[in-house]
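**Q** What follows is protein.tsv, TSV, C-alpha atoms.
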```tsv
chain	number	residue	atom	x	y	z
F	224	MET	CA	-8.98	-16.01	11.56
F	225	GLU	CA	-12.47	-14.61	12.09
F	226	LEU	CA	-13.45	-13.37	15.53
F	227	ASN	CA	-17.01	-13.96	16.71
F	228	GLU	CA	-19.23	-11.26	18.22
F	229	ARG	CA	-18.46	-12.32	21.78
F	230	GLN	CA	-14.73	-12.17	21.18
F	231	LYS	CA	-15.05	-8.70	19.66
F	232	LYS	CA	-17.02	-7.59	22.74
F	233	ILE	CA	-14.32	-9.00	25.03
F	234	ILE	CA	-11.69	-7.01	23.16
F	235	GLU	CA	-13.79	-3.84	23.52
F	236	ILE	CA	-14.29	-4.42	27.26
F	237	THR	CA	-10.59	-5.09	27.81
F	238	LYS	CA	-9.61	-2.07	25.73
F	239	GLU	CA	-11.71	0.19	27.97
F	240	ASN	CA	-11.22	-1.45	31.34
F	241	GLY	CA	-7.95	-3.37	31.23
F	242	PRO	CA	-6.29	-4.71	33.27
F	243	ILE	CA	-9.43	-6.65	34.04
F	244	THR	CA	-9.93	-10.17	35.39
F	245	GLY	CA	-11.76	-12.95	33.58
F	246	GLU	CA	-14.42	-12.87	36.32
F	247	GLN	CA	-15.04	-9.17	35.73
F	248	ILE	CA	-15.32	-9.63	31.97
F	249	ALA	CA	-17.77	-12.51	32.52
F	250	GLU	CA	-19.83	-10.32	34.83
F	251	LYS	CA	-20.06	-7.53	32.27
F	252	LEU	CA	-21.29	-10.02	29.67
F	253	ASN	CA	-23.67	-11.85	32.07
F	254	LEU	CA	-21.87	-15.11	31.39
F	255	THR	CA	-19.94	-17.56	33.53
F	256	ARG	CA	-16.14	-17.57	33.66
F	257	ALA	CA	-16.21	-21.15	32.29
F	258	THR	CA	-18.16	-20.10	29.22
F	259	LEU	CA	-15.63	-17.40	28.45
F	260	ARG	CA	-12.57	-19.59	28.93
F	261	PRO	CA	-12.20	-20.71	25.28
F	262	ASP	CA	-12.70	-17.15	24.01
F	263	LEU	CA	-10.12	-15.74	26.41
F	264	ALA	CA	-7.71	-18.51	25.46
F	265	ILE	CA	-8.15	-17.75	21.77
F	266	LEU	CA	-7.71	-14.01	22.24
F	267	THR	CA	-4.59	-14.50	24.34
F	268	MET	CA	-3.02	-17.08	22.06
F	269	SER	CA	-3.61	-15.04	18.99
F	270	GLY	CA	-2.03	-11.98	20.55
F	271	PHE	CA	-5.01	-9.64	20.89
F	272	LEU	CA	-4.93	-9.82	24.68
F	273	ASP	CA	-2.12	-10.36	27.12
F	274	ALA	CA	-2.71	-11.95	30.52
F	275	ARG	CA	-0.72	-11.40	33.71
F	276	PRO	CA	-1.29	-13.64	36.74
F	277	ARG	CA	-3.09	-11.90	39.58
F	278	VAL	CA	-3.49	-8.72	37.49
F	279	GLY	CA	-5.77	-9.64	34.62
F	280	TYR	CA	-6.15	-9.17	30.88
F	281	PHE	CA	-4.64	-6.32	28.87
F	282	TYR	CA	-5.39	-5.20	25.36
F	283	THR	CA	-2.10	-5.47	23.45
F	284	GLY	CA	-3.08	-2.79	20.96
F	285	LYS	CA	-2.32	-5.08	18.06
F	286	THR	CA	-4.85	-5.26	15.26
F	287	GLN	CA	-5.37	-8.45	13.33
F	288	SER	CA	-3.40	-7.11	10.36
F	289	GLN	CA	-0.54	-6.08	12.60
F	290	LEU	CA	-0.36	-9.59	13.98
F	291	LEU	CA	-0.57	-11.05	10.49
F	292	THR	CA	2.21	-8.89	9.24
F	293	ASP	CA	4.59	-9.37	12.17
F	294	LYS	CA	5.88	-12.23	10.03
F	295	VAL	CA	6.71	-9.94	7.15
F	296	LYS	CA	8.68	-7.78	9.49
F	297	ARG	CA	11.12	-10.58	10.17
F	298	MET	CA	12.17	-10.91	6.50
F	299	THR	CA	15.70	-9.56	6.03
F	300	VAL	CA	17.76	-8.52	3.01
F	301	LYS	CA	20.22	-11.39	3.58
F	302	SER	CA	17.63	-14.02	2.62
F	303	TYR	CA	16.53	-12.34	-0.60
F	304	GLN	CA	19.52	-10.46	-2.03
F	305	SER	CA	21.16	-11.31	-5.37
F	306	ILE	CA	24.80	-11.34	-6.42
F	307	PRO	CA	26.02	-7.83	-7.32
F	308	VAL	CA	27.51	-7.01	-10.71
F	309	VAL	CA	30.20	-4.34	-10.59
F	310	VAL	CA	32.06	-2.41	-13.28
F	311	GLU	CA	35.11	-0.17	-13.07
F	312	GLU	CA	34.69	3.54	-13.52
F	313	SER	CA	36.85	3.49	-16.64
F	314	ALA	CA	34.19	1.45	-18.52
F	315	SER	CA	32.18	3.08	-21.33
F	316	ALA	CA	28.40	3.28	-21.60
F	317	TYR	CA	28.64	0.69	-24.38
F	318	ASP	CA	30.59	-1.70	-22.09
F	319	ALA	CA	28.06	-1.15	-19.33
F	320	ILE	CA	25.08	-2.02	-21.56
F	321	CYS	CA	26.87	-5.17	-22.74
F	322	THR	CA	27.58	-6.16	-19.12
F	323	MET	CA	23.89	-5.66	-18.26
F	324	PHE	CA	22.87	-8.03	-21.06
F	325	LEU	CA	25.58	-10.59	-20.32
F	326	GLU	CA	24.82	-10.65	-16.60
F	327	ASP	CA	21.09	-10.13	-17.06
F	328	VAL	CA	20.77	-7.34	-14.50
F	329	GLY	CA	19.15	-3.91	-14.56
F	330	THR	CA	21.54	-2.13	-12.20
F	331	LEU	CA	25.34	-2.04	-12.13
F	332	PHE	CA	27.51	-0.80	-9.31
F	333	VAL	CA	30.66	1.15	-10.06
F	334	VAL	CA	33.76	0.56	-7.94
F	335	ASN	CA	37.21	2.15	-7.83
F	336	LYS	CA	40.45	0.15	-7.98
F	337	ASP	CA	40.19	-0.63	-4.24
F	338	GLY	CA	36.79	-2.23	-4.87
F	339	VAL	CA	35.03	0.59	-3.03
F	340	LEU	CA	31.53	1.70	-4.16
F	341	ILE	CA	31.65	5.04	-5.97
F	342	GLY	CA	28.60	4.92	-8.25
F	343	ALA	CA	25.50	3.16	-9.57
F	344	LEU	CA	24.17	2.84	-13.08
F	345	SER	CA	20.59	1.98	-14.07
F	346	ARG	CA	19.01	1.12	-17.42
F	347	LYS	CA	17.43	4.55	-17.22
F	348	ASP	CA	20.83	6.27	-16.96
F	349	LEU	CA	22.05	4.37	-20.02
F	350	LEU	CA	18.90	5.03	-22.06
F	351	ARG	CA	19.24	8.72	-21.32
F	352	ALA	CA	22.80	8.61	-22.61
F	353	SER	CA	21.68	6.85	-25.77
F	354	LEU	CA	19.35	9.75	-26.63
F	355	GLY	CA	22.36	11.96	-27.27
F	356	ASN	CA	23.07	10.17	-30.54
F	357	GLN	CA	26.73	10.02	-29.58
F	358	ASP	CA	28.95	6.98	-29.89
F	359	LEU	CA	28.16	5.08	-26.67
F	360	SER	CA	31.66	3.62	-26.52
F	361	ALA	CA	33.02	7.16	-26.25
F	362	ILE	CA	30.89	8.03	-23.20
F	363	PRO	CA	32.62	7.15	-19.88
F	364	ILE	CA	30.16	5.86	-17.28
F	365	SER	CA	31.67	8.23	-14.74
F	366	VAL	CA	29.77	11.10	-16.39
F	367	ILE	CA	26.35	9.40	-16.45
F	368	MET	CA	26.30	7.35	-13.24
F	369	SER	CA	24.78	8.38	-9.92
F	370	ARG	CA	27.65	9.12	-7.59
F	371	MET	CA	28.27	8.64	-3.86
F	372	PRO	CA	26.99	10.03	-1.52
F	373	ASN	CA	23.81	10.19	-3.64
F	374	ILE	CA	23.39	6.43	-3.76
F	375	THR	CA	20.78	4.63	-1.71
F	376	PHE	CA	22.21	1.47	-0.16
F	377	CYS	CA	21.24	-1.09	2.47
F	378	HIS	CA	22.81	-3.69	4.75
F	379	SER	CA	22.22	-7.44	4.79
F	380	HIS	CA	20.53	-7.27	8.21
F	381	ASP	CA	18.01	-4.63	7.05
F	382	LEU	CA	14.35	-5.53	6.71
F	383	ILE	CA	12.95	-6.16	3.24
F	384	ILE	CA	10.02	-3.91	4.13
F	385	ASP	CA	12.33	-0.94	4.81
F	386	VAL	CA	14.25	-1.50	1.59
F	387	ALA	CA	10.98	-1.87	-0.34
F	388	LYS	CA	9.85	1.51	1.00
F	389	LEU	CA	13.15	3.11	-0.06
F	390	LEU	CA	12.87	1.62	-3.57
F	391	ILE	CA	9.43	3.21	-3.96
F	392	GLU	CA	10.32	6.54	-2.33
F	393	ARG	CA	13.51	7.07	-4.32
F	394	GLN	CA	11.99	5.65	-7.53
F	395	ILE	CA	14.83	3.24	-8.15
F	396	ASP	CA	14.82	-0.38	-9.30
F	397	GLY	CA	17.57	-1.66	-7.03
F	398	MET	CA	20.31	-0.76	-4.58
F	399	PRO	CA	23.62	-2.21	-3.42
F	400	VAL	CA	23.88	-4.22	-0.22
F	401	VAL	CA	27.05	-2.93	1.43
F	402	LYS	CA	29.52	-3.59	4.21
F	403	GLU	CA	31.56	-0.83	5.83
F	404	THR	CA	35.35	-1.23	5.50
F	405	ASP	CA	38.30	1.01	6.35
F	406	LYS	CA	38.44	2.24	2.77
F	407	GLY	CA	34.72	2.81	2.27
F	408	LEU	CA	31.68	0.76	1.30
F	409	GLU	CA	32.23	-2.69	-0.15
F	410	VAL	CA	29.39	-4.06	-2.30
F	411	THR	CA	28.29	-7.50	-1.09
F	412	GLY	CA	24.89	-7.84	-2.79
F	413	ARG	CA	22.10	-6.37	-4.85
F	414	LEU	CA	18.50	-5.86	-3.73
F	415	THR	CA	15.94	-5.05	-6.41
F	416	LYS	CA	12.19	-4.92	-6.95
F	417	THR	CA	12.55	-8.43	-8.35
F	418	ASN	CA	13.79	-9.63	-4.96
F	419	VAL	CA	10.91	-7.88	-3.21
F	420	THR	CA	8.49	-9.50	-5.68
F	421	ARG	CA	10.02	-12.88	-4.81
F	422	ALA	CA	9.63	-12.17	-1.10
F	423	PHE	CA	5.98	-11.32	-1.71
F	424	VAL	CA	5.38	-14.55	-3.65
F	425	GLU	CA	7.12	-16.68	-1.05
F	426	LEU	CA	5.07	-15.14	1.71
F	427	ALA	CA	1.83	-15.57	-0.16
F	428	GLU	CA	2.65	-19.14	-1.05
F	429	GLY	CA	3.33	-19.98	2.57
F	430	GLN	CA	6.89	-21.15	1.99
F	431	PHE	CA	8.03	-18.75	4.67
F	432	ASP	CA	7.80	-19.81	8.29
B	287	MET	CA	0.17	-17.17	16.90
B	288	GLU	CA	2.24	-19.84	18.69
B	289	LEU	CA	0.73	-23.28	19.23
B	290	ASN	CA	1.57	-25.12	22.44
B	291	GLU	CA	2.77	-28.72	22.58
B	292	ARG	CA	-0.68	-30.10	23.34
B	293	GLN	CA	-2.23	-28.28	20.40
B	294	LYS	CA	0.47	-29.61	18.08
B	295	LYS	CA	-0.26	-33.15	19.36
B	296	ILE	CA	-3.98	-32.66	18.71
B	297	ILE	CA	-3.23	-31.63	15.13
B	298	GLU	CA	-1.06	-34.73	14.66
B	299	ILE	CA	-3.76	-37.02	16.08
B	300	THR	CA	-6.46	-35.46	13.91
B	301	LYS	CA	-4.24	-35.58	10.84
B	302	GLU	CA	-3.79	-39.35	11.29
B	303	ASN	CA	-7.21	-40.35	12.64
B	304	GLY	CA	-9.68	-37.73	11.47
B	305	PRO	CA	-12.60	-37.57	11.49
B	306	ILE	CA	-12.27	-38.11	15.21
B	307	THR	CA	-14.44	-36.97	18.14
B	308	GLY	CA	-13.25	-34.76	20.98
B	309	GLU	CA	-13.75	-37.69	23.37
B	310	GLN	CA	-11.48	-39.89	21.30
B	311	ILE	CA	-8.76	-37.24	21.12
B	312	ALA	CA	-9.00	-36.78	24.90
B	313	GLU	CA	-8.65	-40.51	25.39
B	314	LYS	CA	-5.52	-40.69	23.28
B	315	LEU	CA	-3.98	-37.91	25.33
B	316	ASN	CA	-5.16	-39.29	28.71
B	317	LEU	CA	-6.99	-36.05	29.39
B	318	THR	CA	-10.62	-35.14	29.98
B	319	ARG	CA	-12.77	-33.66	27.24
B	320	ALA	CA	-13.22	-30.55	29.39
B	321	THR	CA	-9.47	-29.96	29.57
B	322	LEU	CA	-9.19	-30.11	25.81
B	323	ARG	CA	-12.12	-27.80	25.11
B	324	PRO	CA	-10.10	-24.54	24.89
B	325	ASP	CA	-7.45	-26.16	22.70
B	326	LEU	CA	-10.04	-27.58	20.32
B	327	ALA	CA	-11.78	-24.22	20.20
B	328	ILE	CA	-8.53	-22.46	19.35
B	329	LEU	CA	-7.61	-24.96	16.65
B	330	THR	CA	-11.05	-24.76	15.07
B	331	MET	CA	-11.31	-20.98	15.19
B	332	SER	CA	-7.89	-20.49	13.73
B	333	GLY	CA	-8.66	-22.84	10.86
B	334	PHE	CA	-6.31	-25.75	11.57
B	335	LEU	CA	-9.21	-28.09	12.32
B	336	ASP	CA	-12.73	-28.23	11.07
B	337	ALA	CA	-15.55	-29.70	13.15
B	338	ARG	CA	-18.73	-31.34	11.90
B	339	PRO	CA	-21.56	-32.15	14.32
B	340	ARG	CA	-21.95	-35.87	14.99
B	341	VAL	CA	-18.88	-36.65	12.86
B	342	GLY	CA	-15.90	-35.11	14.61
B	343	TYR	CA	-12.79	-33.09	13.91
B	344	PHE	CA	-10.99	-32.97	10.55
B	345	TYR	CA	-7.55	-31.66	9.74
B	346	THR	CA	-8.07	-28.87	7.19
B	347	GLY	CA	-4.64	-29.30	5.67
B	348	LYS	CA	-3.85	-25.65	6.19
B	349	THR	CA	-0.50	-24.75	7.70
B	350	GLN	CA	-0.08	-21.69	9.84
B	351	SER	CA	1.58	-19.76	7.04
B	352	GLN	CA	-1.17	-20.69	4.63
B	353	LEU	CA	-3.73	-19.30	7.03
B	354	LEU	CA	-1.65	-16.19	7.56
B	355	THR	CA	-1.33	-15.57	3.90
B	356	ASP	CA	-4.95	-16.15	2.95
B	357	LYS	CA	-5.12	-12.38	3.23
B	358	VAL	CA	-2.51	-11.90	0.55
B	359	LYS	CA	-4.52	-14.10	-1.73
B	360	ARG	CA	-7.38	-11.64	-1.73
B	361	MET	CA	-5.28	-8.80	-3.20
B	362	THR	CA	-6.29	-8.17	-6.82
B	363	VAL	CA	-4.71	-6.32	-9.73
B	364	LYS	CA	-7.51	-3.72	-9.74
B	365	SER	CA	-6.37	-2.25	-6.42
B	366	TYR	CA	-2.71	-1.90	-7.36
B	367	GLN	CA	-2.52	-1.27	-11.11
B	368	SER	CA	-1.15	1.95	-12.66
B	369	ILE	CA	-2.29	3.95	-15.67
B	370	PRO	CA	-0.97	2.46	-18.91
B	371	VAL	CA	1.12	4.45	-21.37
B	372	VAL	CA	0.58	3.48	-25.00
B	373	VAL	CA	2.36	4.42	-28.23
B	374	GLU	CA	1.41	3.82	-31.85
B	375	GLU	CA	3.35	1.32	-33.88
B	376	SER	CA	4.56	4.03	-36.22
B	377	ALA	CA	6.64	5.62	-33.43
B	378	SER	CA	10.45	5.41	-33.55
B	379	ALA	CA	12.74	4.02	-30.86
B	380	TYR	CA	13.78	7.60	-30.16
B	381	ASP	CA	10.14	8.66	-29.66
B	382	ALA	CA	9.57	5.68	-27.38
B	383	ILE	CA	12.53	6.53	-25.13
B	384	CYS	CA	11.32	10.13	-24.90
B	385	THR	CA	7.83	8.94	-23.96
B	386	MET	CA	9.31	6.69	-21.24
B	387	PHE	CA	11.11	9.67	-19.71
B	388	LEU	CA	8.17	12.04	-20.07
B	389	GLU	CA	5.69	9.58	-18.56
B	390	ASP	CA	8.24	8.11	-16.15
B	391	VAL	CA	7.48	4.46	-16.95
B	392	GLY	CA	9.66	1.49	-17.81
B	393	THR	CA	7.24	-0.31	-20.11
B	394	LEU	CA	5.20	0.99	-23.05
B	395	PHE	CA	2.34	-0.79	-24.77
B	396	VAL	CA	1.96	-0.55	-28.52
B	397	VAL	CA	-1.53	-0.28	-30.02
B	398	ASN	CA	-2.86	-0.18	-33.57
B	399	LYS	CA	-5.19	2.52	-34.88
B	400	ASP	CA	-8.19	0.73	-33.32
B	401	GLY	CA	-6.52	0.98	-29.91
B	402	VAL	CA	-5.93	-2.77	-29.83
B	403	LEU	CA	-2.81	-4.17	-28.09
B	404	ILE	CA	-0.27	-5.40	-30.62
B	405	GLY	CA	3.06	-5.09	-28.77
B	406	ALA	CA	5.06	-4.19	-25.68
B	407	LEU	CA	8.32	-2.34	-25.31
B	408	SER	CA	10.67	-2.46	-22.32
B	409	ARG	CA	13.74	-0.40	-21.38
B	410	LYS	CA	15.70	-3.54	-22.19
B	411	ASP	CA	14.33	-3.68	-25.78
B	412	LEU	CA	15.31	-0.04	-26.29
B	413	LEU	CA	18.77	-0.44	-24.77
B	414	ARG	CA	19.41	-3.39	-27.08
B	415	ALA	CA	18.44	-1.22	-30.03
B	416	SER	CA	20.80	1.51	-28.89
B	417	LEU	CA	23.77	-0.89	-29.07
B	418	GLY	CA	23.46	-0.99	-32.85
B	419	ASN	CA	24.95	2.51	-33.10
B	420	GLN	CA	22.20	3.39	-35.56
B	421	ASP	CA	20.15	6.56	-35.52
B	422	LEU	CA	17.40	5.70	-33.00
B	423	SER	CA	14.89	7.96	-34.73
B	424	ALA	CA	15.27	5.77	-37.84
B	425	ILE	CA	14.38	2.54	-36.00
B	426	PRO	CA	10.62	1.80	-35.98
B	427	ILE	CA	9.46	0.26	-32.71
B	428	SER	CA	7.58	-2.39	-34.68
B	429	VAL	CA	10.92	-4.15	-35.34
B	430	ILE	CA	12.16	-4.16	-31.73
B	431	MET	CA	8.98	-4.65	-29.68
B	432	SER	CA	7.63	-7.93	-28.35
B	433	ARG	CA	4.60	-8.79	-30.41
B	434	MET	CA	1.25	-10.47	-29.72
B	435	PRO	CA	0.67	-13.33	-29.00
B	436	ASN	CA	4.05	-13.33	-27.18
B	437	ILE	CA	2.96	-10.77	-24.63
B	438	THR	CA	2.14	-11.67	-21.07
B	439	PHE	CA	-0.98	-9.84	-19.88
B	440	CYS	CA	-3.42	-9.97	-16.99
B	441	HIS	CA	-6.95	-8.91	-16.07
B	442	SER	CA	-8.03	-6.49	-13.36
B	443	HIS	CA	-9.68	-9.28	-11.36
B	444	ASP	CA	-6.49	-11.40	-11.31
B	445	LEU	CA	-4.63	-11.92	-8.05
B	446	ILE	CA	-1.46	-9.91	-7.44
B	447	ILE	CA	0.26	-13.11	-6.34
B	448	ASP	CA	-0.39	-14.77	-9.73
B	449	VAL	CA	0.84	-11.74	-11.62
B	450	ALA	CA	3.91	-11.53	-9.37
B	451	LYS	CA	4.74	-15.13	-10.23
B	452	LEU	CA	4.39	-14.42	-13.95
B	453	LEU	CA	6.65	-11.36	-13.68
B	454	ILE	CA	9.37	-13.52	-12.12
B	455	GLU	CA	8.89	-16.53	-14.41
B	456	ARG	CA	8.89	-14.52	-17.63
B	457	GLN	CA	11.62	-12.16	-16.37
B	458	ILE	CA	9.69	-9.02	-17.24
B	459	ASP	CA	9.23	-5.77	-15.33
B	460	GLY	CA	5.58	-5.22	-16.11
B	461	MET	CA	2.58	-6.30	-18.15
B	462	PRO	CA	-0.60	-4.75	-19.53
B	463	VAL	CA	-3.92	-5.15	-17.76
B	464	VAL	CA	-6.39	-5.88	-20.56
B	465	LYS	CA	-10.07	-6.16	-21.36
B	466	GLU	CA	-11.37	-8.34	-24.19
B	467	THR	CA	-13.29	-6.47	-26.91
B	468	ASP	CA	-14.68	-7.47	-30.31
B	469	LYS	CA	-11.58	-6.13	-32.02
B	470	GLY	CA	-9.01	-7.63	-29.64
B	471	LEU	CA	-7.38	-6.71	-26.33
B	472	GLU	CA	-7.86	-3.19	-25.02
B	473	VAL	CA	-5.21	-1.97	-22.55
B	474	THR	CA	-6.81	-0.68	-19.35
B	475	GLY	CA	-3.84	-0.68	-16.97
B	476	ARG	CA	-0.23	-1.50	-16.21
B	477	LEU	CA	1.00	-3.86	-13.50
B	478	THR	CA	4.72	-3.76	-12.68
B	479	LYS	CA	7.17	-4.93	-10.05
B	480	THR	CA	6.75	-1.47	-8.54
B	481	ASN	CA	3.06	-2.20	-7.95
B	482	VAL	CA	3.92	-5.57	-6.39
B	483	THR	CA	6.48	-3.82	-4.17
B	484	ARG	CA	3.76	-1.39	-3.09
B	485	ALA	CA	1.40	-4.29	-2.32
B	486	PHE	CA	4.13	-5.86	-0.20
B	487	VAL	CA	4.72	-2.64	1.74
B	488	GLU	CA	1.02	-2.06	2.33
B	489	LEU	CA	0.58	-5.58	3.62
B	490	ALA	CA	3.58	-5.35	5.90
B	491	GLU	CA	2.47	-2.00	7.25
B	492	GLY	CA	-0.94	-3.40	8.11
B	493	GLN	CA	-2.87	-0.89	6.02
B	494	PHE	CA	-4.62	-3.75	4.32
B	495	ASP	CA	-7.62	-5.32	5.97
```
Give the structure from this file in structure tokens form.

**A**
Amino acid sequence: MELNERQKKIIEITKENGPITGEQIAEKLNLTRATLRPDLAILTMSGFLDARPRVGYFYTGKTQSQLLTDKVKRMTVKSYQSIPVVVEESASAYDAICTMFLEDVGTLFVVNKDGVLIGALSRKDLLRASLGNQDLSAIPISVIMSRMPNITFCHSHDLIIDVAKLLIERQIDGMPVVKETDKGLEVTGRLTKTNVTRAFVELAEGQFD
Amino acid sequence: MELNERQKKIIEITKENGPITGEQIAEKLNLTRATLRPDLAILTMSGFLDARPRVGYFYTGKTQSQLLTDKVKRMTVKSYQSIPVVVEESASAYDAICTMFLEDVGTLFVVNKDGVLIGALSRKDLLRASLGNQDLSAIPISVIMSRMPNITFCHSHDLIIDVAKLLIERQIDGMPVVKETDKGLEVTGRLTKTNVTRAFVELAEGQFD
């Protein structure tokens, strides 16, 4: 949506003088109230200005990009997460790599016998282990995995944008979606850069409403 | 931007009857032309309808999300790509893994002595090789890499959205950004799911204009 010069001027006037009535804005622009009506309607409907009866117009402080991206800020983990793949801590590095290929995932979550999250294992962790030139089936994952509490996780109600920021900040490819239980964290999903890429595509394709 | 009931009706009428004049729309709604003026202005400015003098209003066929995401469709590879990391085809799997850790990347591009792209190597390719329990320094990358012409690549002027779709479709983490030369493809960049995740964050944070 492109604003015209007059609409931009109205925003400027309201920013400086708000709350201000339509009459007062018209006066400042040497135009009639009727001429301005469509512009004021557009600016109000699109969220740049807010109008209160008997008070006047306010500037909402929202830029066009903020308004455009309000949509993005309603996208939650729940709608984009994948099924988690978990392994037990007794598994070997060799087992873990096989599971990654079988399940076609890049991150595994490690759980104890109560099903509680105790670790995470990335392709990077396994590649590092393979540099040692040791027998991979003799390396227990418990010595190469990242361990709680050093694991970044999220909840299904979290925003994709917040998780995306964490993925970049922590330089990880994915994280578990968890639920708190009496025993600890239960893994209910997996949220990766692939899911964020999907969210981006869906948004850009307009399949999101 | 929320449309009101009347505006939604106007869109429906124009969709079915367009091109249609403002007078005719007003008639169908039992309203005066003057009453409709702000609504028609809003719908035209925001791109739902298009108006041609002496012809009338058309439905543009754009949904609200399409209009919202037009912005996304202007994001190109050039603005988000990373520096590529290349290795020569004579390198071993061991060398390649070391380079990945040193350069902190998940995908390497393989070039011949003219600097022309001949292959690509992912963490997944290297993990698969490590399952063989062979000495990784004895495995040449030329036998485990993906090889041209089976490599997905993009250009710096491509849209992030198109590249994002390719990354998902082909189930890869990244691809080379290339430039055509007399000898073949020269690698000028790297575009990964991390870059797409960054694009998503930037958009959602409103830093993009």

**Q** Working over all C-alpha atoms in order, superimpose chain F onto chain B by least squares and state the RMSD in Å.

**A**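 Here the RMSD amounts to 0.6 Å.
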
**Q** For each of B:Thr346, B:Thr300, B:Ser423, B:Thr307, take the minimum atom-to-atom distance to chain F, counting only C-alpha atoms, then give the residue where this is smallest.

**A**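 Among the listed residues, the smallest separation from chain F belongs to B:Ser423.
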
**Q** What's the 12 Å shell around Val386 of chain F, counting all atoms listed in the file, without same-chain residues fewer than 3 positions away, as a PyMOL selection string?

**A** (chain F and resi 296+298-301+303-304+375-383+389-400+413-416+418-419+422) or (chain B and resi 483-484+486-487)

**Q** Show which residues sit within 12 Å of Asn227 of chain F, as a ChimeraX atom specification. Count all atoms listed in the file, and ignore same-chain residues fewer than 2 positions away.

**A** /F:224-225,229-234,261-262,265-266 /B:331-332

**Q** Report, in Å with one decimal, the straight-line distance from atom CA of Leu394 of chain B to atom CA of Ala382 of chain B.

**A**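 Atom-to-atom, atom CA of Leu394 of chain B to atom CA of Ala382 of chain B, that is 7.7 Å.
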
**Q** Considering only C-alpha atoms, return as an NGL selection string whatever protein or nucleic-acid residues lie within 10 Å of Asn303 of chain B, sequence-local ones (same chain, fewer than 6 positions apart) excluded.

**A** :B and (297 or 310-311 or 343-345)

**Q** For Glu250 of chain F, work out the shell of residues within 12 Å, counting only C-alpha atoms and skipping chain neighbours fewer than 6 positions away, then give it as an mmCIF file with C-alpha atoms, in the frame of the given file.

**A**
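And here is the file that came out, result.cif:
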```cif
data_model
loop_
_atom_site.group_PDB
_atom_site.id
_atom_site.type_symbol
_atom_site.label_atom_id
_atom_site.label_comp_id
_atom_site.auth_asym_id
_atom_site.auth_seq_id
_atom_site.Cartn_x
_atom_site.Cartn_y
_atom_site.Cartn_z
ATOM 1 C CA ILE F 233 -14.320 -9.000 25.030
ATOM 2 C CA ILE F 236 -14.290 -4.420 27.260
ATOM 3 C CA ILE F 243 -9.430 -6.650 34.040
ATOM 4 C CA THR F 244 -9.930 -10.170 35.390
ATOM 5 C CA ARG F 256 -16.140 -17.570 33.660
ATOM 6 C CA ALA F 257 -16.210 -21.150 32.290
ATOM 7 C CA THR F 258 -18.160 -20.100 29.220
ATOM 8 C CA LEU F 259 -15.630 -17.400 28.450
#
```

**Q** May I have the residues within 9 Å of Ala406 of chain B as JSON, numbers by chain, using all atoms listed in the file and disregarding those fewer than 3 positions away in the same chain?

**A** {"B": [372, 393, 394, 395, 396, 397, 403, 431, 432, 433, 434, 437, 461, 462]}

**Q** Report, in Å with one decimal, the straight-line distance from atom CA of Val401 of chain F to atom CA of Val308 of chain F.

**A**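 If I compute the distance from atom CA of Val401 of chain F to atom CA of Val308 of chain F, I get 12.8 Å.
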
**Q** Calculated over all atoms listed in the file, which of the candidates B:Arg409, B:Ser376, B:Gly401, B:Leu326 has the smallest distance to Leu289 of chain B?

**A**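 Nearest candidate to Leu289 of chain B out of B:Arg409, B:Ser376, B:Gly401, B:Leu326: B:Leu326.
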
**Q** Rounded to one decimal, what separation in Å do you get between atom CA of Asn373 of chain F and atom CA of Leu349 of chain F?

**A**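 Computing the Euclidean distance for atom CA of Asn373 of chain F and atom CA of Leu349 of chain F yields 17.5 Å.
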